[in-house]
Every structure is written in structure tokens, then in C-alpha cells.
>>> print(open('data.cif').read())   # mmCIF, C-alpha atoms
data_protein
#
loop_
_atom_site.label_atom_id
_atom_site.label_comp_id
_atom_site.auth_asym_id
_atom_site.auth_seq_id
_atom_site.Cartn_x
_atom_site.Cartn_y
_atom_site.Cartn_z
CA MET A 1 0.00 0.00 0.00
CA GLU A 2 1.46 3.33 -1.06
CA PRO A 3 1.77 6.06 1.54
CA PRO A 4 -0.54 9.02 1.07
CA ALA A 5 0.89 12.00 -0.77
CA PRO A 6 2.17 14.69 1.56
CA ARG A 7 -0.28 17.49 2.15
CA ARG A 8 0.73 20.86 0.69
CA ARG A 9 1.71 23.36 3.37
CA VAL A 10 -0.83 26.13 3.89
CA THR A 11 0.67 29.52 3.00
CA ILE A 12 -0.10 33.12 3.89
CA VAL A 13 -1.62 33.48 0.41
CA ASP A 14 -4.10 30.70 1.22
CA VAL A 15 -5.05 32.45 4.46
CA ALA A 16 -5.57 35.78 2.63
CA ARG A 17 -7.81 34.17 0.02
CA HIS A 18 -9.82 32.29 2.65
CA ALA A 19 -10.31 35.43 4.73
CA GLN A 20 -10.86 37.55 1.60
CA VAL A 21 -8.24 40.08 2.64
CA SER A 22 -4.81 41.04 1.33
CA THR A 23 -1.60 39.24 2.26
CA THR A 24 -0.47 42.54 3.79
CA ALA A 25 -3.43 42.42 6.15
CA VAL A 26 -2.61 38.86 7.16
CA SER A 27 1.00 39.85 7.77
CA LYS A 28 -0.09 42.72 10.03
CA VAL A 29 -2.23 40.36 12.09
CA LEU A 30 0.58 37.83 12.39
CA ARG A 31 2.98 40.55 13.54
CA ASN A 32 0.40 42.12 15.84
CA ALA A 33 1.16 45.37 14.01
CA TYR A 34 -0.88 48.55 13.89
CA GLY A 35 -3.39 49.10 11.10
CA ALA A 36 -5.51 45.96 11.41
CA SER A 37 -9.04 46.49 12.74
CA PRO A 38 -10.57 44.10 15.28
CA GLU A 39 -12.91 42.80 12.56
CA MET A 40 -10.02 42.07 10.23
CA ARG A 41 -8.06 40.39 13.01
CA ALA A 42 -11.05 38.18 13.74
CA LYS A 43 -11.43 37.20 10.07
CA VAL A 44 -7.75 36.37 9.71
CA ARG A 45 -7.63 34.41 12.97
CA ARG A 46 -10.67 32.43 11.91
CA ALA A 47 -9.08 31.62 8.56
CA ILE A 48 -5.86 30.55 10.28
CA ASP A 49 -7.77 28.20 12.56
CA GLU A 50 -9.90 26.76 9.77
CA LEU A 51 -6.93 26.13 7.47
CA GLY A 52 -4.52 25.04 10.18
CA TYR A 53 -1.93 27.57 9.03
CA ARG A 54 1.46 27.54 10.75
CA PRO A 55 4.18 30.05 9.83
CA HIS A 56 7.35 28.47 8.48
CA ALA A 57 10.08 29.31 10.98
CA GLY A 58 12.90 28.64 8.57
CA ALA A 59 11.47 30.90 5.89
CA ARG A 60 10.84 33.60 8.47
CA GLY A 61 14.43 33.37 9.61
CA LEU A 62 15.67 33.91 6.04
CA ARG A 63 13.52 37.05 5.91
CA GLY A 64 15.11 38.27 9.12
CA GLN A 65 12.39 37.37 11.63
CA THR A 66 11.68 34.10 13.43
CA TYR A 67 8.86 35.20 15.76
CA THR A 68 10.68 33.69 18.71
CA ILE A 69 11.56 35.45 21.97
CA GLY A 70 14.12 34.17 24.42
CA VAL A 71 13.57 34.56 28.15
CA MET A 72 16.40 34.02 30.61
CA LEU A 73 15.32 33.17 34.17
CA PRO A 74 18.09 33.23 36.79
CA ASP A 75 16.64 30.59 39.11
CA ILE A 76 13.71 28.39 38.13
CA ARG A 77 13.27 27.35 41.78
CA ASN A 78 12.34 30.84 42.90
CA PRO A 79 8.51 30.95 42.82
CA PHE A 80 8.44 34.63 41.90
CA PHE A 81 9.97 34.29 38.45
CA PRO A 82 7.11 32.19 37.00
CA GLU A 83 4.82 35.15 37.73
CA ILE A 84 6.94 37.33 35.45
CA LEU A 85 6.83 34.55 32.86
CA ASP A 86 3.04 34.42 33.13
CA GLY A 87 2.90 38.13 32.30
CA ILE A 88 5.17 37.59 29.31
CA THR A 89 3.25 34.66 27.87
CA ALA A 90 -0.16 36.27 28.48
CA SER A 91 0.94 39.39 26.60
CA LEU A 92 2.07 37.31 23.63
CA GLU A 93 -1.04 35.15 23.57
CA ASP A 94 -2.62 36.91 20.60
CA THR A 95 0.58 37.13 18.58
CA GLU A 96 2.60 34.62 16.60
CA TYR A 97 5.57 34.91 18.93
CA GLN A 98 6.75 31.83 20.80
CA VAL A 99 8.72 31.97 24.04
CA PHE A 100 11.84 29.88 24.65
CA LEU A 101 13.29 29.66 28.16
CA GLY A 102 16.89 29.43 29.23
CA PRO A 103 18.21 29.03 32.81
CA GLY A 104 20.78 31.61 33.83
CA CYS A 105 21.71 29.68 36.98
CA ASN A 106 22.65 32.92 38.79
CA GLY A 107 26.06 33.04 37.12
CA GLU A 108 27.71 35.24 34.50
CA LYS A 109 29.13 32.34 32.48
CA ALA A 110 25.80 30.50 32.38
CA GLU A 111 23.99 33.69 31.40
CA ALA A 112 26.47 34.31 28.60
CA ARG A 113 25.94 30.79 27.22
CA VAL A 114 22.17 31.23 27.29
CA THR A 115 22.12 34.66 25.65
CA GLU A 116 24.65 33.65 22.99
CA ALA A 117 22.59 30.54 22.17
CA MET A 118 19.47 32.69 21.78
CA ILE A 119 21.31 35.10 19.50
CA ASP A 120 22.80 32.25 17.45
CA ARG A 121 19.31 30.84 16.89
CA GLY A 122 18.08 34.12 15.45
CA MET A 123 15.56 35.01 18.12
CA ASP A 124 13.85 38.33 17.46
CA GLY A 125 14.27 39.61 20.99
CA ILE A 126 15.49 38.65 24.45
CA ILE A 127 14.11 39.32 27.92
CA LEU A 128 16.68 38.92 30.69
CA VAL A 129 15.20 38.55 34.18
CA ALA A 130 17.41 39.84 37.03
CA PRO A 131 20.68 39.14 35.17
CA VAL A 132 23.93 39.25 37.15
CA SER A 133 26.06 39.80 34.05
CA SER A 134 28.24 42.88 33.73
CA ARG A 135 26.79 45.98 32.15
CA ASP A 136 29.29 45.60 29.29
CA HIS A 137 27.91 42.14 28.49
CA LEU A 138 24.31 43.37 28.66
CA GLU A 139 25.14 46.22 26.30
CA ARG A 140 26.83 43.85 23.85
CA VAL A 141 23.71 41.71 23.82
CA GLY A 142 21.49 44.78 23.42
CA THR A 143 23.43 46.02 20.41
CA VAL A 144 23.01 42.67 18.64
CA VAL A 145 19.36 41.88 19.41
CA PRO A 146 16.43 43.86 20.90
CA THR A 147 16.73 43.35 24.65
CA VAL A 148 14.74 44.17 27.78
CA VAL A 149 16.24 43.73 31.24
CA VAL A 150 13.72 43.01 34.02
CA GLY A 151 14.38 43.48 37.72
CA ARG A 152 17.57 45.45 37.43
CA HIS A 153 17.99 49.19 37.83
CA GLY A 154 20.24 51.50 35.86
CA SER A 155 19.87 52.47 32.23
CA SER A 156 21.60 52.04 28.90
CA PRO A 157 20.95 53.23 25.36
CA ALA A 158 21.37 49.60 24.27
CA TYR A 159 18.41 48.07 26.12
CA ASP A 160 15.17 48.85 27.96
CA THR A 161 14.54 48.12 31.64
CA VAL A 162 11.54 47.27 33.79
CA ALA A 163 11.88 47.16 37.56
CA ASP A 164 10.08 47.55 40.85
CA ASP A 165 10.73 50.52 43.15
CA ASP A 166 12.67 48.37 45.61
CA VAL A 167 13.58 51.27 47.89
CA GLU A 168 9.92 52.12 48.32
CA GLY A 169 9.06 48.46 48.86
CA ALA A 170 11.56 48.21 51.71
CA ALA A 171 10.15 51.39 53.22
CA LEU A 172 6.66 49.88 53.18
CA ILE A 173 7.83 46.93 55.26
CA VAL A 174 9.84 48.97 57.77
CA GLY A 175 6.95 51.41 58.12
CA HIS A 176 4.56 48.53 58.71
CA PHE A 177 6.75 47.05 61.43
CA ALA A 178 7.26 50.44 63.08
CA ALA A 179 3.51 51.08 63.11
CA LEU A 180 3.11 47.77 64.95
CA GLY A 181 5.51 48.97 67.65
CA HIS A 182 8.64 47.12 66.51
CA ARG A 183 12.04 48.78 66.90
CA ARG A 184 14.50 45.91 66.59
CA ILE A 185 13.83 45.26 62.92
CA ALA A 186 16.45 43.16 61.11
CA HIS A 187 17.00 42.54 57.42
CA ILE A 188 18.36 39.51 55.56
CA GLU A 189 20.00 40.60 52.31
CA HIS A 190 21.66 38.83 49.40
CA HIS A 191 25.43 39.19 49.74
CA GLU A 192 26.87 41.37 46.99
CA THR A 193 30.31 42.87 46.35
CA ASP A 194 30.34 43.89 42.67
CA PRO A 195 30.20 47.73 42.51
CA THR A 196 27.82 47.86 39.55
CA ARG A 197 25.45 45.26 40.97
CA LEU A 198 25.48 47.12 44.29
CA THR A 199 23.84 50.04 42.50
CA GLU A 200 21.61 48.12 40.07
CA MET A 201 20.42 44.84 41.59
CA PRO A 202 17.10 44.74 43.46
CA ASN A 203 18.59 43.01 46.51
CA ALA A 204 21.04 45.89 47.00
CA ARG A 205 18.30 48.49 46.50
CA ARG A 206 16.13 46.75 49.10
CA ALA A 207 18.97 46.72 51.62
CA ASP A 208 19.61 50.41 50.96
CA GLY A 209 15.88 51.08 51.29
CA TYR A 210 15.80 49.24 54.61
CA ARG A 211 18.65 51.31 56.03
CA GLN A 212 17.14 54.57 54.81
CA ALA A 213 13.69 53.68 56.16
CA MET A 214 15.15 52.78 59.55
CA ARG A 215 16.83 56.19 59.69
CA ASP A 216 13.61 57.90 58.59
CA GLN A 217 11.73 56.12 61.38
CA GLY A 218 14.32 57.21 63.96
CA LEU A 219 15.53 53.61 64.36
CA GLU A 220 19.09 53.98 63.08
CA GLU A 221 20.62 52.46 66.22
CA TRP A 222 18.71 49.21 65.58
CA ILE A 223 19.85 48.71 61.99
CA ASP A 224 20.83 45.04 61.73
CA VAL A 225 21.67 43.39 58.40
CA VAL A 226 22.69 39.78 57.82
CA SER A 227 24.17 38.93 54.40
CA THR A 228 23.45 35.45 53.07
CA SER A 229 21.67 34.64 49.80
CA TYR A 230 18.23 34.92 48.24
CA THR A 231 17.49 31.24 48.82
CA GLN A 232 15.59 29.24 51.42
CA GLU A 233 18.93 28.07 52.82
CA GLY A 234 20.08 31.68 52.98
CA GLY A 235 17.01 32.64 54.96
CA TYR A 236 17.50 29.71 57.31
CA ARG A 237 21.15 30.61 58.01
CA GLY A 238 20.32 34.29 58.36
CA ALA A 239 17.55 33.61 60.86
CA GLN A 240 19.81 31.31 62.88
CA GLU A 241 22.35 34.12 63.14
CA LEU A 242 19.70 36.64 64.19
CA LEU A 243 18.15 34.31 66.77
CA ALA A 244 21.58 33.77 68.31
CA ARG A 245 21.93 37.50 69.08
CA PRO A 246 22.13 38.34 72.83
CA VAL A 247 19.14 40.60 72.17
CA ARG A 248 17.34 39.17 69.19
CA PRO A 249 15.15 41.23 66.83
CA THR A 250 11.38 41.24 67.15
CA ALA A 251 10.80 41.57 63.41
CA VAL A 252 12.63 40.35 60.30
CA PHE A 253 12.40 41.73 56.78
CA ALA A 254 13.43 38.88 54.48
CA GLY A 255 14.59 40.22 51.11
CA ALA A 256 12.43 37.73 49.17
CA ASP A 257 9.62 35.30 49.95
CA ILE A 258 11.93 32.36 49.29
CA VAL A 259 14.22 33.79 52.01
CA ALA A 260 11.25 34.15 54.35
CA MET A 261 10.56 30.43 53.97
CA GLY A 262 13.96 29.68 55.45
CA VAL A 263 13.30 32.14 58.28
CA LEU A 264 10.04 30.41 59.15
CA GLU A 265 11.85 27.07 59.18
CA ALA A 266 14.55 28.31 61.55
CA VAL A 267 12.03 29.94 63.89
CA ALA A 268 10.00 26.74 64.15
CA GLU A 269 13.15 24.70 64.70
CA ALA A 270 14.08 27.01 67.59
CA GLY A 271 10.73 26.35 69.26
CA LEU A 272 9.51 29.90 68.65
CA SER A 273 6.37 31.12 66.93
CA VAL A 274 5.48 33.59 64.19
CA PRO A 275 4.27 36.22 64.89
CA GLY A 276 4.18 35.58 68.67
CA ASP A 277 7.95 35.66 69.10
CA LEU A 278 9.01 37.09 65.77
CA SER A 279 7.15 38.97 63.04
CA VAL A 280 8.32 38.08 59.53
CA ALA A 281 7.74 39.81 56.19
CA GLY A 282 8.93 38.85 52.72
CA TYR A 283 9.09 40.40 49.27
CA ASP A 284 7.45 39.29 45.99
CA ASN A 285 3.98 38.20 47.22
CA THR A 286 4.38 34.80 45.61
CA THR A 287 1.52 32.30 45.53
CA PHE A 288 2.65 30.45 48.64
CA ALA A 289 2.72 33.71 50.65
CA ALA A 290 -1.09 33.61 50.53
CA PHE A 291 -1.19 29.91 51.49
CA GLY A 292 -3.22 29.69 54.69
CA PRO A 293 -0.75 27.91 56.98
CA ILE A 294 2.00 30.36 55.93
CA SER A 295 0.03 33.63 55.54
CA LEU A 296 3.13 35.73 54.89
CA THR A 297 3.06 39.51 54.85
CA SER A 298 4.86 40.48 51.66
CA VAL A 299 5.50 43.29 49.19
CA ASP A 300 3.68 42.79 45.91
CA GLN A 301 5.84 43.98 43.03
CA ALA A 302 3.32 42.81 40.43
CA GLY A 303 5.32 40.15 38.63
CA HIS A 304 2.66 39.84 35.94
CA GLU A 305 2.93 43.58 35.21
CA LEU A 306 6.71 43.37 35.05
CA GLY A 307 6.36 40.71 32.36
CA ARG A 308 3.64 42.59 30.50
CA ASN A 309 5.67 45.79 30.36
CA ALA A 310 8.75 43.87 29.25
CA VAL A 311 6.83 42.47 26.27
CA ARG A 312 5.44 45.88 25.36
CA LEU A 313 8.89 47.46 25.32
CA LEU A 314 10.44 44.53 23.47
CA LEU A 315 7.86 44.55 20.67
CA GLU A 316 8.30 48.31 20.32
CA ARG A 317 12.07 47.87 20.07
CA ILE A 318 11.73 45.04 17.55
CA THR A 319 9.62 47.35 15.41
CA ASP A 320 11.88 50.38 15.87
CA ARG A 321 15.49 49.53 16.71
CA GLY A 322 16.47 53.20 16.61
CA ARG A 323 14.15 54.50 19.30
CA ARG A 324 15.49 55.80 22.59
CA SER A 325 15.69 53.30 25.43
CA ALA A 326 12.95 53.35 28.06
CA GLN A 327 12.94 52.67 31.79
CA VAL A 328 9.74 51.60 33.56
CA ILE A 329 9.53 51.63 37.37
CA LEU A 330 6.46 50.04 38.98
CA SER A 331 5.12 51.05 42.39
CA PRO A 332 4.92 48.20 44.93
CA THR A 333 2.16 47.59 47.46
CA LEU A 334 2.22 45.84 50.83
CA VAL A 335 -0.05 42.85 51.46
CA THR A 336 -0.40 42.24 55.20
CA ARG A 337 -1.15 38.77 56.54
CA ARG A 338 -0.82 36.83 59.79
CA SER A 339 3.00 36.60 59.88
CA THR A 340 3.22 40.13 61.30
CA ALA A 341 1.55 41.42 64.46
CA ARG A 342 1.77 44.19 67.02
CA LEU A 343 4.69 43.90 69.40
CA ALA A 344 3.60 42.39 72.70
CA GLU A 345 3.94 44.79 75.63
#
>>> encode(input="data.cif", output="C-alpha cells")
Amino acid sequence: MEPPAPRRRVTIVDVARHAQVSTTAVSKVLRNAYGASPEMRAKVRRAIDELGYRPHAGARGLRGQTYTIGVMLPDIRNPFFPEILDGITASLEDTEYQVFLGPGCNGEKAEARVTEAMIDRGMDGIILVAPVSSRDHLERVGTVVPTVVVGRHGSSPAYDTVADDDVEGAALIVGHFAALGHRRIAHIEHHETDPTRLTEMPNARRADGYRQAMRDQGLEEWIDVVSTSYTQEGGYRGAQELLARPVRPTAVFAGADIVAMGVLEAVAEAGLSVPGDLSVAGYDNTTFAAFGPISLTSVDQAGHELGRNAVRLLLERITDRGRRSAQVILSPTLVTRRSTARLAE
């Protein structure tokens, strides 16, 4: 029995004929470009679905566009980063762009391998989430391919940035603790020594914001910072160090929710309770912060909005490589839960 003849691939011309529009109109819809009315978009989308049209990636690449976007995540175990990814994928839902992920593994060499692989594969744009790479490397990437850096401060003409106001977020937590009567408020930060990252990375901005907020609240003499890492293990070790103080703090600002998880573990292991013996607050407002048994007070930096804004800027830069770079700073909010309480008299 002879095999059936291969089915001819559906082309953009077929879609245009089926939808009774021009190929230019179909192209605009596929690129999510301006100039296509909602009615035309609906007609083209319906034709695409009915014909089973799929753009040919190889042909697109030869024309200079592959409709692929690379996203580098530094640590796939951190529950906050998937929220940024959700914002990215939701914003691309009605476009032909596909997202490809690469793990940065919190290291400059790993990040370089990922970004170079994305460039080598002709991706139309790259979103780098909280990269630790040098500014020189980021600028080299940005000059080769449209790039948006998420979760890192600073600016460059080579790439756009989207970040949370980390100084304000830290002030929200310190102000919350102070309003509850706490004075001995400690902070667990991510250890950093690189001069550039000390000015640009969110962990450094949060630590600076903590110190400034403590001074603003008249609590400078109680400033207490432990440097570990933005991991659960880092939070655990940091809490152990704080609990071993001759006079231990009554409140702890963990630099990230994942750090707060380690703090909660250490407090329970020491036979203490939250918030009875120690109030704890995190940062990121991840899904498990709202989990009933945890109920963690946390700063919400709107991960979904970070991702959405990153896509908006990236598509604009793909369309117009010559435009001036943009910096978007989002305002955080504080979500209070049961892990923080008024200081017992």
C-alpha cells in the first residue's frame, strides 16, 4: 500500500484568500502590528484556525524574523519568576511569537551561554530577568538583538529596563513594622560585592531602602543586616544568626519570599512562633505567601505587570530599533497577613 501524498503546506496566500483580505493584512495580524481592525483580526484568525496555518520558521528566519523570543530566568526554583513569565506569555497570547526559556543559573558564564545561544538561533528579541552579568555584556547583547532587562535598575541606550521601586518596597515593610511597635527590625539581604550590581540589583536596592527607612523612622541604632543569599537556605542561616543574638530582633524583613521560607523554618526549629515571638515579612507576594498555613506579609511587586511591560517594550524595540531606550519603574504595594503582628507589651 502506497503512503498518502504529503499534504501541501498552507501559506499566507491561502489564508488571505480564505479570509478575503490582502496578504499585507494577514502579515499585520501575524505581527500584531498597527493598522488591522478588530474585525479584520477576527477574520484572519478564523481563517488561520480553519486552514490550520502555521508560519514556516525557517522561511521567516531567512527574511530576518523568526517570531521567537528568548527569556532568561536566573533561578527556576524561585517561585516569583514564574509570575513574570506568566505576564510575558499572556501578553504574547494573541501574537505569533513563541517563548523559549533558558536558565541563567545565577552566574555570569551561564547567562552568557544562554544569551549567545538565543542570539545564534536568530531570536527576534530577548528578555533577561534579574541578570547578574556585567553591564558591558548586557550592552553587547542589546546592540546585537532587541533586549529588555527586568528586575535590574540603571539604564543604557542599548536596552530597555523594567523594575520595581525596591527602595519604596523596603520602606513599606519597615513602616509597617514600626507602626506595629517594633524597633529591633532586622534585614536579611543577598550578599553582593560587585560595585555595579550594588547600585543596580534589586537586593542591594532593598537593603539600601531598609537602612534609609530605619533612619527615617528614627531607628538607626537598631539597623541590623545579615548577608546570606536569596534562597531558602540563605534565609535559614540568616535567621539562625539573628536568633543567636544576645538581644534578638522582634521583626525580620526577608529580602524575598523564598528567604522568608527559610526564616520560618529556623524559627519553628528554635521552638519559637510567628508572629508571637518574631514577626516576619517577605518580598514578591508569591503564591505560597497567601497559602493559609503560611500567611506571609509580603511586598507585591506585580510580577505579571513586570512581564507585561517587558513584552510591550520589546515589541516596540523590535519594530523600531532606533528609538530611545525606556525605563519603567512600577510602584509596589504591601499585602499584610498573619506573619506580622503588634509587638507584645
>>> atom_distance(input="data.cif", atom1="atom CA of Val299 of chain A", atom2="atom CA of Gly154 of chain A")
21.5 Å
>>> resolve_selection(input="data.cif", expression="the PyMOL selection byres ((chain A and resi 186-200) around 8)", output="VMD selection string")
chain A and resid 132 134 to 135 152 to 154 184 to 185 201 to 207 210 222 to 230 235 238 to 239 242 249 251 to 255 259
>>> resolve_selection(input="data.cif", expression="the PyMOL selection byres ((chain A and resi 301) around 9)", output="list in words")
Ala163, Asp164, Asp165, Asp166, Gly169, Tyr283, Asp284, Asn285, Val299, Asp300, Ala302, Gly303, His304, Glu305, Leu306, Leu330, Ser331, Pro332, Thr333 and Leu334 of chain A
>>> resolve_selection(input="data.cif", expression="the PyMOL selection byres ((chain A and resi 323) around 12)", output="short mmCIF file (atom, residue, chain, number, x, y, z; two decimals) with C-alpha atoms, in the frame of the given file")
data_model
loop_
_atom_site.label_atom_id
_atom_site.label_comp_id
_atom_site.auth_asym_id
_atom_site.auth_seq_id
_atom_site.Cartn_x
_atom_site.Cartn_y
_atom_site.Cartn_z
CA PRO A 146 16.43 43.86 20.90
CA PRO A 157 20.95 53.23 25.36
CA ALA A 158 21.37 49.60 24.27
CA TYR A 159 18.41 48.07 26.12
CA ASP A 160 15.17 48.85 27.96
CA LEU A 313 8.89 47.46 25.32
CA LEU A 314 10.44 44.53 23.47
CA LEU A 315 7.86 44.55 20.67
CA GLU A 316 8.30 48.31 20.32
CA ARG A 317 12.07 47.87 20.07
CA ILE A 318 11.73 45.04 17.55
CA THR A 319 9.62 47.35 15.41
CA ASP A 320 11.88 50.38 15.87
CA ARG A 321 15.49 49.53 16.71
CA GLY A 322 16.47 53.20 16.61
CA ARG A 324 15.49 55.80 22.59
CA SER A 325 15.69 53.30 25.43
CA ALA A 326 12.95 53.35 28.06
#
>>> closest_residue(input="data.cif", among="A:Leu343, A:Ala260, A:Ala33, A:Ala171", to="Gly276 of chain A", atoms="only C-alpha atoms")
A:Leu343
>>> residues_around(input="data.cif", residues="Gln217 of chain A", least_positions_apart="3", cutoff="9 Å", atoms="only C-alpha atoms", output="JSON, numbers by chain")
{"A": [174, 175, 178, 212, 213, 214, 220]}
>>> write_last_selection(input="data.cif", atoms="C-alpha atoms", output="mmCIF file, in the frame of the given file")
data_model
loop_
_atom_site.group_PDB
_atom_site.id
_atom_site.type_symbol
_atom_site.label_atom_id
_atom_site.label_comp_id
_atom_site.auth_asym_id
_atom_site.auth_seq_id
_atom_site.Cartn_x
_atom_site.Cartn_y
_atom_site.Cartn_z
ATOM 1 C CA VAL A 174 9.840 48.970 57.770
ATOM 2 C CA GLY A 175 6.950 51.410 58.120
ATOM 3 C CA ALA A 178 7.260 50.440 63.080
ATOM 4 C CA GLN A 212 17.140 54.570 54.810
ATOM 5 C CA ALA A 213 13.690 53.680 56.160
ATOM 6 C CA MET A 214 15.150 52.780 59.550
ATOM 7 C CA GLU A 220 19.090 53.980 63.080
#
>>> residues_around(input="data.cif", residues="Met261 of chain A", least_positions_apart="4", cutoff="12 Å", atoms="only C-alpha atoms", output="PyMOL selection string")
chain A and resi 78-79+230-239+252-257+265-268+274+280-283+286+288-289+293-298+339
>>> residues_around(input="data.cif", residues="Ala310 of chain A", least_positions_apart="5", cutoff="7 Å", atoms="all atoms listed in the file", output="tab-separated table (two decimals) with C-alpha atoms, in the coordinates of the input")
chain	number	residue	atom	x	y	z
A	148	VAL	CA	14.74	44.17	27.78
A	150	VAL	CA	13.72	43.01	34.02
A	162	VAL	CA	11.54	47.27	33.79
>>> closest_residue(input="data.cif", among="A:Ser27, A:Ser133, A:Thr161, A:Gln20", to="Val311 of chain A", atoms="only C-alpha atoms")
A:Thr161
>>> closest_residue(input="data.cif", among="A:Met123, A:Ala47, A:Ile258, A:Val263", to="Thr287 of chain A", atoms="only C-alpha atoms")
A:Ile258
